[in-house]
file my_file00.cif (mmCIF, C-alpha atoms)
data_protein
#
loop_
_atom_site.label_atom_id
_atom_site.label_comp_id
_atom_site.auth_asym_id
_atom_site.auth_seq_id
_atom_site.Cartn_x
_atom_site.Cartn_y
_atom_site.Cartn_z
CA MET A 1 -15.07 -7.69 16.25
CA GLN A 2 -18.71 -7.04 15.55
CA LEU A 3 -19.69 -9.35 18.42
CA ALA A 4 -17.35 -7.46 20.76
CA ARG A 5 -18.93 -4.16 19.74
CA GLN A 6 -22.39 -5.58 20.44
CA ARG A 7 -21.33 -7.06 23.80
CA TRP A 8 -19.99 -3.68 24.96
CA GLY A 9 -22.88 -1.68 23.51
CA LEU A 10 -20.66 0.09 20.98
CA PRO A 11 -21.85 1.36 17.60
CA ALA A 12 -21.44 -1.09 14.72
CA ASN A 13 -18.87 1.24 13.12
CA TYR A 14 -16.85 1.83 16.34
CA GLU A 15 -13.15 2.16 15.52
CA PHE A 16 -10.77 0.54 17.99
CA LYS A 17 -7.82 2.89 18.54
CA PHE A 18 -5.28 2.48 21.32
CA SER A 19 -5.34 6.17 22.20
CA LYS A 20 -9.14 6.19 22.53
CA THR A 21 -9.48 3.04 24.67
CA HIS A 22 -7.38 4.19 27.65
CA ALA A 23 -10.46 4.53 29.89
CA TYR A 24 -11.80 1.15 28.73
CA PRO A 25 -9.20 -1.51 29.57
CA ALA A 26 -11.78 -4.29 29.10
CA HIS A 27 -12.19 -3.17 25.47
CA ARG A 28 -8.43 -3.42 24.94
CA VAL A 29 -8.18 -6.86 26.52
CA GLY A 30 -11.22 -8.05 24.59
CA PHE A 31 -9.90 -6.68 21.31
CA PHE A 32 -6.54 -8.42 21.75
CA GLU A 33 -8.16 -11.69 22.87
CA ILE A 34 -10.31 -11.74 19.74
CA ALA A 35 -7.36 -10.79 17.52
CA ARG A 36 -5.26 -13.62 19.00
CA GLN A 37 -7.75 -16.10 17.59
CA PHE A 38 -6.29 -15.26 14.18
CA GLU A 39 -2.78 -15.68 12.86
CA PHE A 40 -0.80 -12.45 12.74
CA ARG A 41 2.75 -11.29 13.27
CA PHE A 42 4.10 -7.77 13.60
CA ALA A 43 7.21 -5.66 13.91
CA ALA A 44 7.38 -2.14 15.27
CA CYS A 45 9.79 0.71 15.81
CA ALA A 46 9.32 3.28 18.57
CA ILE A 47 11.33 6.48 18.22
CA ASN A 48 11.70 8.77 21.23
CA LYS A 49 11.35 12.20 19.60
CA THR A 50 11.63 14.11 22.88
CA SER A 51 15.39 13.97 23.42
CA GLY A 52 18.73 13.35 21.80
CA TYR A 53 19.28 13.19 18.09
CA TRP A 54 15.70 12.32 17.16
CA ARG A 55 14.31 15.50 18.76
CA THR A 56 15.64 17.60 15.87
CA ALA A 57 15.93 14.96 13.14
CA PRO A 58 14.16 15.73 9.85
CA ALA A 59 10.83 13.97 9.37
CA SER A 60 12.21 12.09 6.36
CA GLU A 61 14.92 10.56 8.56
CA LEU A 62 12.40 9.51 11.21
CA LEU A 63 10.32 7.79 8.54
CA TRP A 64 13.39 6.14 7.01
CA ALA A 65 14.59 4.83 10.40
CA ALA A 66 11.20 3.38 11.33
CA ALA A 67 10.57 1.80 7.92
CA THR A 68 14.07 0.32 7.70
CA SER A 69 13.86 -1.10 11.22
CA VAL A 70 10.53 -2.79 10.52
CA ALA A 71 11.80 -4.17 7.18
CA VAL A 72 14.84 -5.71 8.88
CA ASP A 73 12.59 -7.38 11.47
CA LEU A 74 10.17 -8.72 8.83
CA ARG A 75 12.81 -10.01 6.40
CA GLN A 76 13.47 -13.38 8.06
CA SER A 77 9.75 -14.09 8.32
CA TYR A 78 9.26 -13.37 4.63
CA LEU A 79 12.24 -15.52 3.64
CA ALA A 80 10.99 -18.41 5.79
CA VAL A 81 7.71 -18.68 3.88
CA GLU A 82 8.83 -17.95 0.34
CA SER A 83 8.83 -20.77 -2.17
CA PRO A 84 11.23 -21.67 -4.99
CA ALA A 85 8.19 -22.33 -7.19
CA ARG A 86 6.63 -18.90 -6.86
CA PRO A 87 7.73 -15.47 -5.61
CA LEU A 88 6.13 -14.40 -2.31
CA HIS A 89 4.87 -10.90 -3.27
CA GLU A 90 3.35 -10.29 0.21
CA PRO A 91 0.76 -7.47 0.38
CA VAL A 92 1.61 -4.35 2.40
CA TRP A 93 -1.12 -2.10 3.77
CA VAL A 94 -0.45 1.26 5.37
CA ASP A 95 -2.89 3.16 7.57
CA ARG A 96 -4.15 6.07 5.50
CA ASN A 97 -2.61 9.17 7.03
CA ASP A 98 -2.12 10.84 3.64
CA ASP A 99 1.60 11.31 4.22
CA ARG A 100 3.07 10.43 0.85
CA HIS A 101 6.59 10.50 2.33
CA PHE A 102 5.59 7.80 4.82
CA LEU A 103 4.26 5.57 2.05
CA ASP A 104 7.44 6.17 0.04
CA ALA A 105 9.66 5.27 3.02
CA ILE A 106 7.72 2.05 3.57
CA ALA A 107 7.91 1.22 -0.15
CA THR A 108 11.65 1.83 -0.31
CA ALA A 109 12.39 -0.27 2.77
CA LEU A 110 10.10 -3.21 2.06
CA ARG A 111 10.47 -3.32 -1.72
CA GLY A 112 14.22 -3.46 -1.08
CA LEU A 113 13.79 -6.95 0.40
CA HIS A 114 14.42 -9.44 -2.39
CA SER A 115 13.77 -13.14 -2.73
CA ARG A 116 16.55 -15.70 -2.35
CA HIS A 117 14.95 -17.80 -5.09
CA HIS A 118 13.98 -14.95 -7.40
CA PRO A 119 16.61 -12.23 -6.78
CA ALA A 120 15.06 -9.71 -9.16
CA VAL A 121 11.68 -9.91 -7.42
CA PRO A 122 10.81 -8.01 -4.22
CA LEU A 123 9.26 -10.09 -1.42
CA THR A 124 6.43 -7.58 -1.06
CA GLY A 125 3.93 -5.84 -3.29
CA LYS A 126 3.68 -2.08 -3.49
CA PRO A 127 2.30 -0.61 -0.27
CA LYS A 128 -1.31 0.52 -0.49
CA TRP A 129 -3.35 2.86 1.68
CA ARG A 130 -6.20 1.47 3.74
CA LYS A 131 -8.54 3.44 5.97
CA SER A 132 -8.59 2.24 9.56
CA HIS A 133 -12.18 3.20 10.32
CA PRO A 134 -13.87 0.38 8.38
CA ASP A 135 -10.87 -1.99 8.46
CA VAL A 136 -10.33 -4.22 11.49
CA VAL A 137 -6.84 -5.21 10.28
CA MET A 138 -5.73 -1.58 10.33
CA GLN A 139 -7.33 -1.19 13.75
CA LEU A 140 -5.19 -4.13 14.89
CA VAL A 141 -2.13 -2.30 13.57
CA ASP A 142 -3.08 0.78 15.62
CA MET A 143 -3.73 -1.25 18.77
CA VAL A 144 -0.49 -3.25 18.46
CA CYS A 145 1.60 -0.14 17.78
CA GLY A 146 -0.01 1.59 20.76
CA ALA A 147 0.80 -1.41 22.97
CA ALA A 148 4.40 -1.42 21.68
CA VAL A 149 4.89 2.28 22.45
CA ALA A 150 3.38 1.85 25.93
CA HIS A 151 5.74 -1.08 26.50
CA VAL A 152 8.78 0.97 25.51
CA LYS A 153 7.60 3.70 27.90
CA GLY A 154 7.39 1.18 30.76
CA ASP A 155 3.80 -0.13 30.71
CA SER A 156 3.83 -3.71 29.37
CA THR A 157 0.22 -4.46 30.32
CA TRP A 158 -0.99 -4.60 26.72
CA PHE A 159 2.18 -5.64 24.93
CA LYS A 160 2.50 -8.85 26.94
CA ILE A 161 -0.84 -9.97 25.45
CA VAL A 162 0.61 -9.93 21.92
CA GLU A 163 4.34 -10.22 22.65
CA ASP A 164 4.58 -13.78 21.29
CA ARG A 165 3.45 -12.44 17.88
CA CYS A 166 6.21 -9.81 17.76
CA LEU A 167 8.98 -10.39 15.22
CA GLY A 168 10.89 -7.36 16.45
CA LEU A 169 10.47 -4.18 18.44
CA THR A 170 13.15 -1.57 17.98
CA PRO A 171 13.18 1.35 20.40
CA LEU A 172 15.34 4.22 19.17
CA PRO A 173 16.39 6.52 22.06
#
call {"tool": "encode", "arguments": {"input": "my_file00.cif", "output": "structure tokens"}}
result
Amino acid sequence: MQLARQRWGLPANYEFKFSKTHAYPAHRVGFFEIARQFEFRFAACAINKTSGYWRTAPASELLWAAATSVAVDLRQSYLAVESPARPLHEPVWVDRNDDRHFLDAIATALRGLHSRHHPAVPLTGKPKWRKSHPDVVMQLVDMVCGAAVAHVKGDSTWFKIVEDRCLGLTPLP
């Protein structure tokens, strides 16, 4: 990503965020093209909080629904790579937004996924906060989630670039 920042004349500590790159489509395309050079998979949940049930749902329920949806989509991927010889214990990183309830919802959903070979062992480690500013992986999370939300709202321009890496996208009306 550092080369992309240099090519576009961006500061070395520039943080790629979907919401801040709207006026710079070449930056979005470039970011996703560079990211695609690496192996990654993702799952996302997009909740429409402007109408229906979700408009008045408690925050804890929104967090639970999103975390559970993502866990369901990730489960098969985790099970496919686990080994009888050793538990998977996949790391989980969460963008630092300082919402303890969000971290708890993620922990409950993902730590609830257990190994077929080691039933007492969760497939994931405990979720840990990571700051997105210095962390290109967390910037990828932001960019992919932004592309997923735009896709659900009808603009698939960005999502189609990473769609083949998507393990599941759950829109909740």
call {"tool": "atom_distance", "arguments": {"input": "my_file00.cif", "atom1": "CA of Val144 in chain A", "atom2": "CA of Ala66 in chain A"}}
result
15.2 Å
call {"tool": "closest_residue", "arguments": {"input": "my_file00.cif", "among": "A:Val162, A:Val94, A:Val149, A:Leu74", "to": "Ser132 in chain A", "atoms": "all atoms listed in the file"}}
result
A:Val94
call {"tool": "resolve_selection", "arguments": {"input": "my_file00.cif", "expression": "the PyMOL selection byres ((chain A and resi 119-126) around 12)", "output": "short mmCIF file (atom, residue, chain, number, x, y, z; two decimals) with C-alpha atoms, keeping the file's coordinate frame"}}
result
data_model
loop_
_atom_site.label_atom_id
_atom_site.label_comp_id
_atom_site.auth_asym_id
_atom_site.auth_seq_id
_atom_site.Cartn_x
_atom_site.Cartn_y
_atom_site.Cartn_z
CA ALA A 71 11.80 -4.17 7.18
CA LEU A 74 10.17 -8.72 8.83
CA ARG A 75 12.81 -10.01 6.40
CA GLN A 76 13.47 -13.38 8.06
CA SER A 77 9.75 -14.09 8.32
CA TYR A 78 9.26 -13.37 4.63
CA LEU A 79 12.24 -15.52 3.64
CA ALA A 80 10.99 -18.41 5.79
CA VAL A 81 7.71 -18.68 3.88
CA GLU A 82 8.83 -17.95 0.34
CA SER A 83 8.83 -20.77 -2.17
CA PRO A 84 11.23 -21.67 -4.99
CA ARG A 86 6.63 -18.90 -6.86
CA PRO A 87 7.73 -15.47 -5.61
CA LEU A 88 6.13 -14.40 -2.31
CA HIS A 89 4.87 -10.90 -3.27
CA GLU A 90 3.35 -10.29 0.21
CA PRO A 91 0.76 -7.47 0.38
CA VAL A 92 1.61 -4.35 2.40
CA TRP A 93 -1.12 -2.10 3.77
CA VAL A 94 -0.45 1.26 5.37
CA LEU A 103 4.26 5.57 2.05
CA ASP A 104 7.44 6.17 0.04
CA ALA A 105 9.66 5.27 3.02
CA ILE A 106 7.72 2.05 3.57
CA ALA A 107 7.91 1.22 -0.15
CA THR A 108 11.65 1.83 -0.31
CA ALA A 109 12.39 -0.27 2.77
CA LEU A 110 10.10 -3.21 2.06
CA ARG A 111 10.47 -3.32 -1.72
CA GLY A 112 14.22 -3.46 -1.08
CA LEU A 113 13.79 -6.95 0.40
CA HIS A 114 14.42 -9.44 -2.39
CA SER A 115 13.77 -13.14 -2.73
CA ARG A 116 16.55 -15.70 -2.35
CA HIS A 117 14.95 -17.80 -5.09
CA HIS A 118 13.98 -14.95 -7.40
CA PRO A 127 2.30 -0.61 -0.27
CA LYS A 128 -1.31 0.52 -0.49
CA TRP A 129 -3.35 2.86 1.68
#
call {"tool": "resolve_selection", "arguments": {"input": "my_file00.cif", "expression": "the PyMOL selection byres ((chain A and resi 47-50) around 9)", "output": "ChimeraX atom specification"}}
result
/A:45-46,51-57,62,65-66,149,170-173
call {"tool": "atom_distance", "arguments": {"input": "my_file00.cif", "atom1": "CA of Ile34 in chain A", "atom2": "CA of Val70 in chain A"}}
result
24.5 Å
call {"tool": "atom_distance", "arguments": {"input": "my_file00.cif", "atom1": "CA of Gln2 in chain A", "atom2": "CA of Asn97 in chain A"}}
result
24.4 Å
call {"tool": "residues_near_point", "arguments": {"input": "my_file00.cif", "point": "(-9.3, -14.3, 17.4)", "cutoff": "12 Å", "atoms": "only C-alpha atoms", "output": "JSON, numbers by chain"}}
result
{"A": [1, 3, 4, 29, 30, 31, 32, 33, 34, 35, 36, 37, 38, 39, 40, 136, 137, 140, 162]}
call {"tool": "closest_residue", "arguments": {"input": "my_file00.cif", "among": "A:Thr157, A:Phe42, A:Arg28, A:Phe16", "to": "Asp73 in chain A", "atoms": "all atoms listed in the file"}}
result
A:Phe42
call {"tool": "residues_around", "arguments": {"input": "my_file00.cif", "residues": "Asn13 in chain A", "least_positions_apart": "3", "cutoff": "9 Å", "atoms": "all atoms listed in the file", "output": "ChimeraX atom specification"}}
result
/A:2,5,10,133-134
call {"tool": "write_last_selection", "arguments": {"input": "my_file00.cif", "atoms": "C-alpha atoms", "output": "compact mmCIF listing (two decimals), in the coordinates of the input"}}
result
# COMPACT_ATOMS: atom_id res chain seq x y z
CA GLN A 2 -18.71 -7.04 15.55
CA ARG A 5 -18.93 -4.16 19.74
CA LEU A 10 -20.66 0.09 20.98
CA HIS A 133 -12.18 3.20 10.32
CA PRO A 134 -13.87 0.38 8.38
call {"tool": "closest_residue", "arguments": {"input": "my_file00.cif", "among": "A:Leu167, A:Glu61, A:Asp155, A:His27", "to": "Gly9 in chain A", "atoms": "only C-alpha atoms"}}
result
A:His27
call {"tool": "closest_residue", "arguments": {"input": "my_file00.cif", "among": "A:Ile161, A:Leu169, A:Val152, A:Met143", "to": "Val72 in chain A", "atoms": "all atoms listed in the file"}}
result
A:Leu169
call {"tool": "closest_residue", "arguments": {"input": "my_file00.cif", "among": "A:Arg7, A:Arg96, A:Lys160, A:Lys20", "to": "Asp135 in chain A", "atoms": "all atoms listed in the file"}}
result
A:Arg96
call {"tool": "build_atoms", "arguments": {"input": "my_file00.cif", "residues": "range 93-105 of chain A", "atoms": "N, CA and C atoms", "output": "PDB file, keeping the file's coordinate frame"}}
result
ATOM      1  N   TRP A  93      -0.086  -3.121   3.597  1.00  0.00           N
ATOM      2  CA  TRP A  93      -1.120  -2.100   3.770  1.00  0.00           C
ATOM      3  C   TRP A  93      -0.642  -1.093   4.794  1.00  0.00           C
ATOM      4  N   VAL A  94      -0.888   0.165   4.505  1.00  0.00           N
ATOM      5  CA  VAL A  94      -0.450   1.260   5.370  1.00  0.00           C
ATOM      6  C   VAL A  94      -1.681   2.066   5.773  1.00  0.00           C
ATOM      7  N   ASP A  95      -1.770   2.368   7.064  1.00  0.00           N
ATOM      8  CA  ASP A  95      -2.890   3.160   7.570  1.00  0.00           C
ATOM      9  C   ASP A  95      -2.905   4.502   6.842  1.00  0.00           C
ATOM     10  N   ARG A  96      -4.035   4.857   6.315  1.00  0.00           N
ATOM     11  CA  ARG A  96      -4.150   6.070   5.500  1.00  0.00           C
ATOM     12  C   ARG A  96      -4.013   7.315   6.381  1.00  0.00           C
ATOM     13  N   ASN A  97      -2.820   7.892   6.345  1.00  0.00           N
ATOM     14  CA  ASN A  97      -2.610   9.170   7.030  1.00  0.00           C
ATOM     15  C   ASN A  97      -2.273  10.261   6.026  1.00  0.00           C
ATOM     16  N   ASP A  98      -2.343   9.913   4.754  1.00  0.00           N
ATOM     17  CA  ASP A  98      -2.120  10.840   3.640  1.00  0.00           C
ATOM     18  C   ASP A  98      -0.747  11.489   3.642  1.00  0.00           C
ATOM     19  N   ASP A  99       0.225  10.829   4.258  1.00  0.00           N
ATOM     20  CA  ASP A  99       1.600  11.310   4.220  1.00  0.00           C
ATOM     21  C   ASP A  99       2.348  10.516   3.156  1.00  0.00           C
ATOM     22  N   ARG A 100       2.448  11.100   1.993  1.00  0.00           N
ATOM     23  CA  ARG A 100       3.070  10.430   0.850  1.00  0.00           C
ATOM     24  C   ARG A 100       4.514  10.017   1.166  1.00  0.00           C
ATOM     25  N   HIS A 101       5.204  10.821   1.970  1.00  0.00           N
ATOM     26  CA  HIS A 101       6.590  10.500   2.330  1.00  0.00           C
ATOM     27  C   HIS A 101       6.649   9.220   3.163  1.00  0.00           C
ATOM     28  N   PHE A 102       5.648   9.009   4.022  1.00  0.00           N
ATOM     29  CA  PHE A 102       5.590   7.800   4.820  1.00  0.00           C
ATOM     30  C   PHE A 102       5.411   6.580   3.919  1.00  0.00           C
ATOM     31  N   LEU A 103       4.479   6.669   2.980  1.00  0.00           N
ATOM     32  CA  LEU A 103       4.260   5.570   2.050  1.00  0.00           C
ATOM     33  C   LEU A 103       5.520   5.289   1.235  1.00  0.00           C
ATOM     34  N   ASP A 104       6.205   6.341   0.801  1.00  0.00           N
ATOM     35  CA  ASP A 104       7.440   6.170   0.040  1.00  0.00           C
ATOM     36  C   ASP A 104       8.541   5.499   0.868  1.00  0.00           C
ATOM     37  N   ALA A 105       8.655   5.882   2.147  1.00  0.00           N
ATOM     38  CA  ALA A 105       9.660   5.270   3.020  1.00  0.00           C
ATOM     39  C   ALA A 105       9.373   3.786   3.219  1.00  0.00           C
TER      40      ALA A 105
END
